[in-house]
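Here's target.cif, which has mmCIF, C-alpha atoms and all ligand atoms:
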data_entry
#
loop_
_atom_site.label_atom_id
_atom_site.label_comp_id
_atom_site.auth_asym_id
_atom_site.auth_seq_id
_atom_site.Cartn_x
_atom_site.Cartn_y
_atom_site.Cartn_z
CA MET A 1 -1.15 -16.22 -17.63
CA SER A 2 -3.76 -17.00 -14.98
CA ILE A 3 -5.80 -19.87 -13.58
CA HIS A 4 -8.38 -18.93 -16.21
CA THR A 5 -6.06 -19.11 -19.22
CA ASP A 6 -3.54 -21.79 -18.20
CA TYR A 7 -4.50 -23.70 -15.08
CA GLU A 8 -1.82 -26.37 -15.60
CA LYS A 9 0.95 -23.76 -15.64
CA TRP A 10 -0.50 -22.08 -12.52
CA GLU A 11 -0.67 -25.44 -10.74
CA GLU A 12 2.95 -26.10 -11.75
CA MET A 13 4.05 -22.77 -10.20
CA ASN A 14 2.16 -23.73 -7.07
CA GLU A 15 5.04 -26.11 -6.35
CA SER A 16 7.57 -23.95 -4.49
CA GLY A 17 10.41 -25.20 -6.71
CA ASN A 18 8.72 -23.59 -9.72
CA CYS A 19 7.81 -20.29 -8.06
CA PRO A 20 9.72 -17.28 -9.47
CA VAL A 21 9.60 -15.50 -6.08
CA TYR A 22 10.77 -18.57 -4.18
CA ASN A 23 13.56 -19.03 -6.73
CA SER A 24 14.50 -15.32 -6.54
CA ASP A 25 14.12 -15.03 -10.32
CA SER A 26 14.34 -11.50 -11.70
CA MET A 27 11.33 -9.29 -11.04
CA PRO A 28 8.86 -8.23 -13.74
CA GLU A 29 10.13 -5.39 -15.93
CA GLY A 30 10.40 -2.06 -14.14
CA MET A 31 9.49 -3.46 -10.72
CA ILE A 32 11.64 -2.48 -7.77
CA ASP A 33 11.96 -3.35 -4.10
CA LEU A 34 10.76 -0.25 -2.28
CA TYR A 35 11.50 -1.68 1.14
CA GLU A 36 12.11 -4.93 2.98
CA LEU A 37 10.84 -6.06 6.36
CA GLU A 38 11.19 -9.38 8.18
CA HIS A 39 8.25 -11.13 6.53
CA SER A 40 7.86 -9.35 3.19
CA TRP A 41 9.01 -6.98 0.47
CA LEU A 42 7.21 -3.83 -0.67
CA ASN A 43 7.36 -3.53 -4.46
CA SER A 44 6.29 -0.94 -7.00
CA LYS A 45 6.68 0.07 -10.62
CA PRO A 46 6.06 3.31 -12.54
CA VAL A 47 3.59 1.78 -15.01
CA GLU A 48 0.35 1.12 -13.13
CA CYS A 49 -3.39 1.75 -13.29
CA MET A 50 -3.10 4.54 -10.73
CA LYS A 51 -0.49 6.58 -8.88
CA TRP A 52 1.18 5.10 -5.80
CA ALA A 53 -0.10 1.57 -6.37
CA CYS A 54 2.29 -0.93 -4.85
CA HIS A 55 2.22 -4.42 -3.47
CA VAL A 56 3.57 -6.53 -0.67
CA THR A 57 5.09 -9.94 -1.42
CA ALA A 58 5.31 -12.45 1.41
CA LYS A 59 8.62 -14.21 2.00
CA TYR A 60 6.74 -17.52 2.31
CA HIS A 61 5.72 -19.42 -0.76
CA ASP A 62 2.29 -20.40 0.57
CA PRO A 63 -0.36 -18.86 -1.70
CA GLU A 64 -3.14 -18.63 0.90
CA LEU A 65 -3.44 -16.87 4.27
CA TYR A 66 -4.77 -20.09 5.77
CA ASP A 67 -1.52 -21.86 4.83
CA LEU A 68 0.61 -19.63 7.07
CA GLU A 69 1.77 -20.56 10.54
CA GLU A 70 0.36 -18.21 13.19
CA GLU A 71 3.69 -16.43 13.64
CA GLU A 72 4.08 -15.94 9.87
CA LEU A 73 0.53 -14.66 9.54
CA PHE A 74 0.96 -12.20 12.38
CA GLY A 75 4.32 -11.01 11.06
CA PHE A 76 2.94 -10.54 7.56
CA MET A 77 -0.02 -8.52 8.88
CA ILE A 78 2.26 -6.30 10.95
CA ASP A 79 4.34 -5.64 7.81
CA LEU A 80 1.13 -4.78 5.87
CA GLN A 81 0.13 -2.37 8.61
CA MET A 82 3.48 -0.58 8.58
CA TYR A 83 3.70 -0.32 4.79
CA SER A 84 0.12 0.93 4.45
CA LYS A 85 0.61 3.50 7.21
CA ALA A 86 3.70 4.84 5.42
CA LEU A 87 1.74 4.93 2.16
CA LYS A 88 -1.03 6.93 3.80
CA GLU A 89 1.51 9.37 5.27
CA VAL A 90 3.40 9.87 2.00
CA THR A 91 0.41 10.04 -0.39
CA ARG A 92 -2.21 11.61 1.90
CA ALA A 93 -4.67 9.09 0.47
CA VAL A 94 -8.18 9.14 1.91
CA LYS A 95 -8.43 5.33 1.92
CA ILE A 96 -6.07 2.46 1.18
CA ASN A 97 -7.68 -0.39 -0.78
CA TYR A 98 -6.20 -3.86 -0.24
CA GLU A 99 -6.46 -6.60 -2.84
CA SER A 100 -5.04 -10.10 -2.83
CA HIS A 101 -5.67 -12.33 -5.85
CA GLY A 102 -2.86 -14.69 -6.80
CA ASN A 103 -4.65 -15.87 -9.94
CA SER A 104 -1.52 -15.27 -12.01
CA LEU A 105 1.10 -16.06 -9.40
CA PRO A 106 0.27 -18.53 -6.62
CA HIS A 107 2.44 -16.74 -4.07
CA LEU A 108 0.86 -14.58 -1.38
CA HIS A 109 0.91 -10.89 -2.29
CA VAL A 110 -1.35 -7.96 -1.42
CA TYR A 111 -1.89 -4.86 -3.58
CA PHE A 112 -2.30 -1.40 -2.09
CA TYR A 113 -4.36 1.12 -4.05
CA PRO A 114 -4.46 4.54 -2.35
CA ARG A 115 -7.86 6.09 -3.10
CA ASN A 116 -8.79 9.75 -3.37
CA MET A 117 -11.86 11.73 -4.43
CA ASN A 118 -10.24 12.41 -7.81
CA ASP A 119 -8.73 8.97 -8.47
CA PRO A 120 -9.35 7.33 -11.89
CA PHE A 121 -12.03 4.88 -10.66
CA PRO A 122 -14.70 6.90 -8.82
CA GLY A 123 -17.39 4.79 -7.18
CA LYS A 124 -15.92 1.45 -8.21
CA PRO A 125 -13.02 -0.94 -7.63
CA ILE A 126 -9.83 -0.17 -9.53
CA ASP A 127 -9.21 -1.93 -12.85
CA TYR A 128 -5.61 -3.11 -12.70
CA ASN A 129 -5.68 -3.94 -16.42
CA GLU A 130 -5.85 -0.23 -17.23
CA LYS A 131 -2.10 0.23 -16.81
CA ARG A 132 -0.66 3.48 -18.20
CA ASP A 133 2.86 4.82 -18.48
CA ASP A 134 1.84 8.45 -17.90
CA ILE A 135 0.32 8.33 -14.43
CA TYR A 136 3.29 10.14 -12.88
CA ASP A 137 4.58 13.60 -13.75
CA GLU A 138 8.29 14.01 -14.47
CA GLY A 139 10.33 12.93 -11.43
CA GLU A 140 7.21 12.21 -9.37
CA TYR A 141 7.71 8.45 -9.14
CA GLU A 142 11.35 8.82 -8.07
CA GLU A 143 10.21 11.30 -5.39
CA PHE A 144 7.55 8.81 -4.21
CA VAL A 145 10.14 6.03 -3.92
CA LYS A 146 12.49 8.29 -1.95
CA LYS A 147 9.77 9.48 0.43
CA MET A 148 8.44 5.96 1.05
CA ARG A 149 11.92 4.70 1.91
CA GLU A 150 12.53 7.63 4.26
CA GLU A 151 9.13 7.22 5.94
CA LEU A 152 9.57 3.48 6.40
CA ALA A 153 13.13 3.89 7.68
CA SER A 154 11.83 6.33 10.31
CA MET A 155 9.25 3.77 11.47
CA ASP A 156 11.47 0.67 11.25
ZN ZN A 201 6.18 -18.58 -4.21
#
Could I get this structure in the form of structure tokens?
Amino acid sequence: MSIHTDYEKWEEMNESGNCPVYNSDSMPEGMIDLYELEHSWLNSKPVECMKWACHVTAKYHDPELYDLEEEELFGFMIDLQMYSKALKEVTRAVKINYESHGNSLPHLHVYFYPRNMNDPFPGKPIDYNEKRDDIYDEGEYEEFVKKMREELASMD
């Protein structure tokens, strides 16, 4: 579902009362809370288009940055900074890519894609539709989750 395939449904979710995040509905299959800070949650799942992809979900329903109060905006950005720094430390990525769409869910969230010379999308943006269930070796995802939590706890 997206604004391109079902605009009416998207517009309906735009009302906070119909937002699955706002309503604390269950998360998409396999998705976990990696960490929680004052203004956001860091989420991830093992099936992704590339290793170590994760995303930050704001605790405010507003879908756009320009909807946030100054204090909310600042707090959200500080959370993004801390999460991305931990991600860099844990993954040794060369560059973190940041993407915020909201075309499927009108609730502010930002994706992190840690880039490396040998990542699956050389010379181009990642394609998040190319999700695979074999991006992690045995036990690698669990190790990533553990290290991220430890790193973030040491910074928090
Ligand atoms: Zn929402």
Closest pair table for chain A residues within 9 Å of ligand ZN 201 (chain A), only C-alpha atoms and all ligand atoms, as a tab-separated table:
residue	atom	partner	partner_atom	distance
A:Met13	CA	A:ZN201	ZN	7.6
A:Asn14	CA	A:ZN201	ZN	7.1
A:Glu15	CA	A:ZN201	ZN	7.9
A:Ser16	CA	A:ZN201	ZN	5.6
A:Gly17	CA	A:ZN201	ZN	8.2
A:Asn18	CA	A:ZN201	ZN	7.9
A:Cys19	CA	A:ZN201	ZN	4.5
A:Pro20	CA	A:ZN201	ZN	6.5
A:Val21	CA	A:ZN201	ZN	5.0
A:Tyr22	CA	A:ZN201	ZN	4.6
A:Asn23	CA	A:ZN201	ZN	7.8
A:Ala58	CA	A:ZN201	ZN	8.4
A:Lys59	CA	A:ZN201	ZN	8.0
A:Tyr60	CA	A:ZN201	ZN	6.6
A:His61	CA	A:ZN201	ZN	3.6
A:Asp62	CA	A:ZN201	ZN	6.4
A:Pro63	CA	A:ZN201	ZN	7.0
A:Leu105	CA	A:ZN201	ZN	7.7
A:Pro106	CA	A:ZN201	ZN	6.4
A:His107	CA	A:ZN201	ZN	4.2
A:Leu108	CA	A:ZN201	ZN	7.2
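The coordinates place atom CA of His39 of chain A at 9.0 Å from atom CA of Leu73 of chain A.
Non-sequential neighbours of Cys49 of chain A (distance at most 7 Å, separation of 6 or more positions within a chain, all atoms listed in the file) are Asp127, Tyr128, Asn129, Glu130, Lys131 and Arg132 of chain A.
Nearest residue to Leu37 of chain A among A:Ala93, A:Phe76, A:Asp134, A:Met117 is A:Phe76, counting all atoms listed in the file.
With all atoms listed in the file as the basis for measurement, A:Leu152 is the residue among A:Glu69, A:Leu152, A:Pro125, A:His109 that approaches Tyr83 of chain A most closely.
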- Please provide the set of residues having any atom within 12 Å of Pro46 of chain A, restricted to only C-alpha atoms, with same-chain residues fewer than 6 positions apart removed, written as number ranges by chain. A: 28-32, 34, 52-54, 131-145
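Each of A:Asp156, A:Asn118, A:Met1, A:Phe112 was compared to Asn43 of chain A using all atoms listed in the file, and A:Phe112 turns out to be the nearest.
Coordinates place atom CA of Asp25 of chain A at a distance of 25.3 Å from atom CA of Tyr113 of chain A.
Distances here use all atoms listed in the file; by that measure, the residue among A:Val110, A:Arg115, A:Glu89, A:Ile96 closest to Ser44 of chain A is A:Val110.
You will find atom CA of Gly102 of chain A at 8.5 Å from atom CA of Ser2 of chain A.
The smallest atom-to-atom distance between Asp33 of chain A and any of A:Met155, A:Met77, A:Val94, A:Met148, using only C-alpha atoms, is found for A:Met148.
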- Item | Best match for closeness to Ser100 of chain A among A:Arg149, A:His55, A:Lys45, A:Lys88, counting all atoms listed in the file | A:His55
